[in-house]
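Listing of coords-v8.tsv, TSV, C-alpha atoms and all ligand atoms
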```tsv
chain	number	residue	atom	x	y	z
A	1	MET	CA	-23.88	-3.74	-9.67
A	2	SER	CA	-25.55	-5.02	-6.48
A	3	GLY	CA	-25.41	-2.79	-3.42
A	4	CYS	CA	-23.86	0.04	-5.39
A	5	LYS	CA	-26.28	2.72	-6.52
A	6	LYS	CA	-25.17	4.66	-9.56
A	7	LYS	CA	-21.42	4.43	-10.00
A	8	GLU	CA	-20.13	7.89	-10.74
A	9	LYS	CA	-17.02	8.38	-12.84
A	10	PHE	CA	-14.17	9.41	-10.64
A	11	PRO	CA	-10.91	9.38	-12.59
A	12	VAL	CA	-7.62	9.03	-10.69
A	13	ALA	CA	-4.03	8.80	-11.93
A	14	LYS	CA	-2.19	5.51	-12.55
A	15	ASP	CA	-1.15	3.74	-9.34
A	16	VAL	CA	-3.42	5.95	-7.26
A	17	VAL	CA	-6.02	4.05	-5.26
A	18	LEU	CA	-9.62	5.21	-5.32
A	19	LEU	CA	-11.00	4.22	-1.92
A	20	HIS	CA	-14.78	3.95	-1.87
A	21	GLN	CA	-16.01	4.30	1.66
A	22	LEU	CA	-18.70	5.73	3.94
A	23	ASP	CA	-18.75	9.43	4.60
A	24	ARG	CA	-16.55	10.60	7.47
A	25	GLY	CA	-17.73	9.98	11.02
A	26	ILE	CA	-17.77	12.71	13.61
A	27	PHE	CA	-15.34	11.21	16.10
A	28	THR	CA	-13.48	8.76	13.86
A	29	PRO	CA	-12.50	9.13	10.17
A	30	SER	CA	-14.85	6.24	9.43
A	31	ILE	CA	-17.43	4.66	11.70
A	32	SER	CA	-16.71	1.35	9.99
A	33	PRO	CA	-13.61	-0.57	11.11
A	34	PHE	CA	-12.86	-1.87	7.63
A	35	PRO	CA	-12.40	1.35	5.62
A	36	LEU	CA	-10.49	2.76	8.59
A	37	LYS	CA	-8.17	-0.26	8.51
A	38	LEU	CA	-7.49	0.08	4.78
A	39	GLU	CA	-7.02	3.84	4.89
A	40	THR	CA	-4.67	3.53	7.90
A	41	TYR	CA	-2.63	0.92	6.04
A	42	MET	CA	-2.34	3.14	2.95
A	43	ARG	CA	-1.23	6.08	5.10
A	44	MET	CA	1.31	3.88	6.86
A	45	ALA	CA	2.63	2.54	3.56
A	46	GLY	CA	2.69	5.95	1.87
A	47	ILE	CA	0.39	4.78	-0.91
A	48	SER	CA	-1.33	7.57	-2.86
A	49	TYR	CA	-5.11	7.42	-2.66
A	50	GLU	CA	-8.22	9.47	-3.10
A	51	ASN	CA	-11.55	9.01	-1.36
A	52	ASP	CA	-14.91	8.50	-3.01
A	53	PHE	CA	-17.66	8.96	-0.43
A	54	LYS	CA	-20.46	8.80	-2.99
A	55	ASN	CA	-20.35	5.09	-3.81
A	56	PRO	CA	-19.53	3.41	-0.50
A	57	MET	CA	-20.99	-0.02	-1.21
A	58	GLY	CA	-19.08	-2.23	-3.62
A	59	PRO	CA	-20.04	-4.98	-6.03
A	60	LYS	CA	-20.41	-7.41	-3.11
A	61	GLY	CA	-22.65	-5.01	-1.17
A	62	LYS	CA	-20.08	-4.12	1.49
A	63	THR	CA	-17.84	-1.20	2.29
A	64	PRO	CA	-14.99	-0.52	1.63
A	65	TRP	CA	-13.95	-1.38	-1.89
A	66	MET	CA	-11.37	0.17	-4.17
A	67	THR	CA	-10.65	0.91	-7.79
A	68	PHE	CA	-7.03	0.55	-8.78
A	69	ASN	CA	-5.66	1.03	-12.27
A	70	GLY	CA	-9.10	0.57	-13.80
A	71	LYS	CA	-10.14	-2.54	-11.83
A	72	ASP	CA	-12.52	-2.86	-8.88
A	73	TYR	CA	-11.58	-4.85	-5.78
A	74	CYS	CA	-13.71	-5.74	-2.74
A	75	ASP	CA	-12.91	-6.54	0.90
A	76	SER	CA	-10.41	-4.58	2.98
A	77	GLU	CA	-8.19	-7.61	3.53
A	78	LEU	CA	-7.98	-8.55	-0.14
A	79	CYS	CA	-7.38	-4.91	-1.10
A	80	LEU	CA	-4.65	-4.59	1.51
A	81	GLU	CA	-2.91	-7.77	0.35
A	82	LEU	CA	-3.02	-6.67	-3.27
A	83	LEU	CA	-1.52	-3.27	-2.41
A	84	ALA	CA	1.12	-4.84	-0.16
A	85	SER	CA	2.26	-7.01	-3.02
A	86	LYS	CA	2.10	-4.28	-5.68
A	87	PHE	CA	3.97	-1.68	-3.58
A	88	GLN	CA	6.21	-4.16	-1.71
A	89	LYS	CA	4.95	-2.96	1.65
A	90	ASP	CA	4.95	-5.92	3.99
A	91	PHE	CA	5.11	-4.71	7.58
A	92	SER	CA	5.04	-8.23	9.03
A	93	SER	CA	8.11	-9.74	7.37
A	94	HIS	CA	10.14	-9.59	10.60
A	95	LEU	CA	7.64	-11.76	12.48
A	96	THR	CA	8.02	-15.50	13.01
A	97	ALA	CA	5.34	-17.82	11.65
A	98	GLU	CA	4.02	-18.26	15.20
A	99	GLU	CA	3.84	-14.50	15.80
A	100	ARG	CA	2.00	-14.07	12.51
A	101	ALA	CA	-0.43	-16.84	13.45
A	102	ILE	CA	-1.23	-15.23	16.81
A	103	ALA	CA	-1.62	-11.78	15.23
A	104	ARG	CA	-4.00	-13.17	12.63
A	105	SER	CA	-6.07	-14.94	15.27
A	106	PHE	CA	-6.52	-11.74	17.27
A	107	GLN	CA	-7.39	-9.79	14.14
A	108	ILE	CA	-10.03	-12.29	13.07
A	109	MET	CA	-11.47	-12.46	16.59
A	110	THR	CA	-11.75	-8.70	16.62
A	111	GLU	CA	-13.18	-8.30	13.12
A	112	GLU	CA	-15.49	-11.30	13.12
A	113	HIS	CA	-16.56	-11.64	16.75
A	114	LEU	CA	-16.01	-8.43	18.70
A	115	ASP	CA	-17.13	-6.26	15.76
A	116	CYS	CA	-20.27	-8.34	15.44
A	117	SER	CA	-21.28	-7.56	19.02
A	118	LEU	CA	-20.58	-3.86	18.40
A	119	ALA	CA	-22.54	-3.86	15.16
A	120	MET	CA	-25.61	-5.12	16.95
A	121	GLY	CA	-26.42	-1.61	18.00
A	122	LEU	CA	-25.48	-1.78	21.65
A	123	HIS	CA	-24.34	1.80	21.40
A	124	GLN	CA	-25.86	5.20	20.93
A	125	ARG	CA	-26.33	5.62	17.23
A	126	GLU	CA	-26.49	9.39	17.34
A	127	ASN	CA	-22.97	9.51	18.79
A	128	LEU	CA	-21.64	6.94	16.41
A	129	VAL	CA	-23.02	8.46	13.27
A	130	GLY	CA	-24.56	11.87	13.74
A	131	ARG	CA	-24.99	12.50	10.03
A	132	SER	CA	-28.51	11.79	8.87
A	133	ASP	CA	-31.16	9.15	9.39
A	134	GLU	CA	-30.69	7.91	5.86
A	135	PHE	CA	-26.95	7.55	6.39
A	136	ALA	CA	-27.37	5.86	9.75
A	137	ASP	CA	-30.11	3.43	8.92
A	138	GLY	CA	-29.72	2.86	5.23
A	139	ILE	CA	-26.02	2.80	4.64
A	140	ALA	CA	-23.88	2.55	7.73
A	141	PHE	CA	-25.79	-0.19	9.48
A	142	GLY	CA	-27.13	-1.95	6.40
A	143	ASP	CA	-28.68	-5.19	7.49
A	144	ALA	CA	-26.75	-5.36	10.76
A	145	ALA	CA	-29.46	-7.32	12.54
A	146	GLY	CA	-29.78	-9.83	9.71
A	147	GLY	CA	-26.01	-10.21	9.51
A	148	ALA	CA	-25.66	-10.73	13.26
A	149	SER	CA	-28.40	-13.33	13.18
A	150	ALA	CA	-26.77	-15.20	10.30
A	151	GLN	CA	-23.44	-15.13	12.14
A	152	GLY	CA	-25.13	-16.39	15.31
A	153	MET	CA	-24.29	-13.53	17.67
A	154	GLY	CA	-27.65	-11.91	16.95
A	155	ARG	CA	-29.49	-14.87	18.47
A	156	HIS	CA	-28.07	-14.26	21.96
A	157	ASN	CA	-29.56	-11.92	24.52
A	158	LYS	CA	-28.00	-8.52	25.05
A	159	ASP	CA	-26.23	-9.42	28.32
A	160	ASP	CA	-24.55	-12.46	26.79
A	161	VAL	CA	-23.42	-10.42	23.79
A	162	ILE	CA	-21.94	-7.73	26.01
A	163	GLU	CA	-20.17	-10.35	28.11
A	164	MET	CA	-18.68	-11.94	24.97
A	165	GLY	CA	-17.43	-8.53	23.87
A	166	ARG	CA	-15.89	-7.95	27.28
A	167	LYS	CA	-14.02	-11.26	27.12
A	168	ASP	CA	-12.63	-10.32	23.71
A	169	LEU	CA	-11.49	-6.97	25.07
A	170	ARG	CA	-9.82	-8.62	28.06
A	171	ALA	CA	-7.93	-10.99	25.73
A	172	ILE	CA	-6.92	-8.08	23.47
A	173	SER	CA	-5.68	-6.10	26.44
A	174	ASP	CA	-3.69	-9.06	27.80
A	175	TYR	CA	-2.12	-9.66	24.40
A	176	LEU	CA	-1.12	-6.02	23.97
A	177	GLY	CA	0.22	-5.80	27.52
A	178	THR	CA	2.72	-2.95	27.74
A	179	LYS	CA	3.97	-3.31	24.15
A	180	PRO	CA	3.65	-0.21	21.95
A	181	TYR	CA	2.10	-2.32	19.15
A	182	PHE	CA	0.40	-5.70	19.17
A	183	THR	CA	3.38	-7.66	17.88
A	184	GLY	CA	6.08	-5.58	19.51
A	185	GLU	CA	7.99	-2.43	18.72
A	186	LYS	CA	6.80	-1.94	15.13
A	187	PRO	CA	3.28	-1.51	13.75
A	188	THR	CA	2.08	-4.19	11.33
A	189	GLU	CA	-0.98	-4.64	9.13
A	190	MET	CA	-2.73	-6.21	12.11
A	191	ASP	CA	-2.40	-2.96	14.09
A	192	CYS	CA	-4.28	-1.19	11.28
A	193	ALA	CA	-7.14	-3.67	11.67
A	194	MET	CA	-7.16	-3.45	15.46
A	195	PHE	CA	-7.11	0.34	15.29
A	196	GLY	CA	-10.04	0.30	12.85
A	197	CYS	CA	-12.21	-1.51	15.39
A	198	LEU	CA	-10.90	-0.25	18.72
A	199	ALA	CA	-11.02	3.38	17.57
A	200	GLN	CA	-14.80	3.03	17.38
A	201	LEU	CA	-14.95	1.81	20.95
A	202	VAL	CA	-12.69	4.55	22.26
A	203	TRP	CA	-14.04	7.56	20.36
A	204	SER	CA	-17.35	6.74	18.68
A	205	MET	CA	-19.22	4.75	21.27
A	206	GLN	CA	-19.69	7.05	24.21
A	207	GLY	CA	-22.02	5.48	26.73
A	208	SER	CA	-21.44	1.93	25.48
A	209	PRO	CA	-21.41	-0.95	27.96
A	210	TYR	CA	-17.68	-1.30	27.28
A	211	GLU	CA	-16.73	2.23	28.25
A	212	GLU	CA	-15.69	1.49	31.82
A	213	GLN	CA	-13.62	-1.50	30.80
A	214	MET	CA	-11.85	0.48	28.07
A	215	LYS	CA	-10.83	3.14	30.57
A	216	GLY	CA	-9.87	0.69	33.32
B	301	LIG	N1	-14.74	-8.48	5.31
B	301	LIG	C1	-15.20	-7.18	4.85
B	301	LIG	C2	-16.20	-6.63	5.84
B	301	LIG	C3	-16.79	-5.31	5.39
B	301	LIG	C4	-18.06	-5.02	6.15
B	301	LIG	O1	-18.65	-5.88	6.80
B	301	LIG	N2	-18.53	-3.77	6.03
B	301	LIG	C5	-19.76	-3.40	6.67
B	301	LIG	C6	-19.63	-2.03	7.33
B	301	LIG	S1	-18.86	-2.23	8.90
B	301	LIG	C7	-20.86	-3.31	5.63
B	301	LIG	O2	-20.60	-2.95	4.51
B	301	LIG	N3	-22.09	-3.63	6.03
B	301	LIG	C8	-23.23	-3.47	5.20
B	301	LIG	C9	-24.03	-4.74	5.07
B	301	LIG	O3	-23.50	-5.82	5.44
B	301	LIG	O4	-25.16	-4.64	4.59
B	301	LIG	C10	-13.99	-6.25	4.70
B	301	LIG	O5	-12.96	-6.50	5.35
B	301	LIG	O6	-14.04	-5.34	3.89
```

Before anything else, please render the file you have as C-alpha cells.
Amino acid sequence: MSGCKKKEKFPVAKDVVLLHQLDRGIFTPSISPFPLKLETYMRMAGISYENDFKNPMGPKGKTPWMTFNGKDYCDSELCLELLASKFQKDFSSHLTAEERAIARSFQIMTEEHLDCSLAMGLHQRENLVGRSDEFADGIAFGDAAGGASAQGMGRHNKDDVIEMGRKDLRAISDYLGTKPYFTGEKPTEMDCAMFGCLAQLVWSMQGSPYEEQMKG
C-alpha cells in the first residue's frame, strides 16, 4: 500500500468510522485542514468514529483516509460525501443551486489555492507542529515543496505567494461578511472545510505574514 507504512489492525464496530489521520497538533486538533474538515463534519453530523493516528497516510499517499465497514476510502471530500449519503446528513439541502455553487467555489479556492500558499512553509514550523522532527518533516509536510511546484504556486517568489494568500483571505472575509456561517444562519459542509483551513491560520501559524490581516 503506497504511502502507508505497516497497516495495523484496528477493529471498530459496524457503522463506526475509523479515521486515519496525523497525530494531534498542539494548537489545533489537526495541523492538516483535511482531517480537521472530515472530523468536524462527523462531529456535526453525530457520526460515530474512532481515530487511528498510527497510519495517517492512505492508499493514495495522502491524509486523511477512512475505513468504514471493512472498506478503505481516500480523500476528505469523497469520504464526507459517502458518509452524508449513508447517514442522510446533508447540511446544504436548504441552499439554492447558486448558493451551493458559490460555496463550492470558495471551498475549492481555499483548499486548492490558499492552502497551497500556506503549505509552502511560510510559517514557523515549530509552532505549527511542535511534535518531533520526524513528524514535521517526514509526515506532516510530505513533499510540500514538490507539490507546490507541480501546482504552480511553488514557482512564484515568496512575496507574490503571500500576496495571493492575502487576496484569498480578503475575498473570504468579504463573502462571510457579518453572517454567522458562510452561507447564512446554518453551518454546512463548506463551513467544515473553511474551518479546517482557517483554524490553522488563526491558531497554528503564529508569526505568519497573514497574522495582522487575520486580526484586522
Ligand atoms: N484532496 C485531499 C487532500 C489531502 C492532502 O493534501 N493532505 C496533505 C496533508 S495537508 C497530505 O497528505 N500531504 C502529503 C503529501 O502530499 O505528500 C483531501 O481532501 O483529503

Report, as AutoDock Vina command-line options, the axis-aligned box around all atoms of stretch 65-69 of chain A present in the file, extended by 4 Å on each side; give centre and edge lengths in Å to one decimal place.
```
--center_x -9.8 --center_y -0.2 --center_z -7.1 --size_x 16.3 --size_y 10.4 --size_z 18.4
```

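The smallest atom-to-atom distance between ligand LIG 301 (chain B) and any of A:Gln88, A:Ser32, A:Thr67, A:Gln206, using all atoms listed in the file, is found for A:Ser32.
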
Original post:
Hey, which of A:Glu50, A:Glu77, A:Asp191, A:Asp15 ends up closest to ligand LIG 301 (chain B)? Count only C-alpha atoms and all ligand atoms.
Top reply: A:Glu77

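Distance check against A:Gly70 using only C-alpha atoms: of A:Ile162, A:Leu201, A:Ala13, A:Leu176, the minimum falls on A:Ala13.
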
Original post:
Excluding same-chain residues fewer than 3 positions from A:Thr188, what lies within 10 Å of it counting only C-alpha atoms, as a ChimeraX atom specification?
Top reply: /A:41,44,90-95,100,103,181-185,191-193

**OP:** Give the answer as one residue: which of A:Thr63, A:Ser117, A:Ser105, A:Ser48 has the shortest atom-to-atom distance to ligand LIG 301 (chain B), using only C-alpha atoms and all ligand atoms?
**Re:** A:Thr63

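Going from atom CA of A:Ile172 over to atom CA of A:Gln107, you cover 9.5 Å.
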
Subject >> Distance of atom CA of A:Leu18 from atom CA of A:Phe68, expressed in Å to one decimal place >> reply: 6.4 Å

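Distances here use only C-alpha atoms and all ligand atoms; by that measure, the residue among A:Thr178, A:Gln213, A:Gln200, A:Ser173 closest to ligand LIG 301 (chain B) is A:Gln200.
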
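Each of A:Asn69, A:Ala101, A:Thr96, A:Gly147 was checked against ligand LIG 301 (chain B) using only C-alpha atoms and all ligand atoms; the smallest atom-to-atom distance is that of A:Gly147.
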
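The space separating atom CA of A:Lys9 from atom CA of A:Gly196 comes to 27.8 Å.
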
Subject >> Shell around A:Phe34 at 7 Å using only C-alpha atoms, local window under 2 positions removed, as number ranges by chain >> reply: A: 32, 36-38, 64, 76, 196
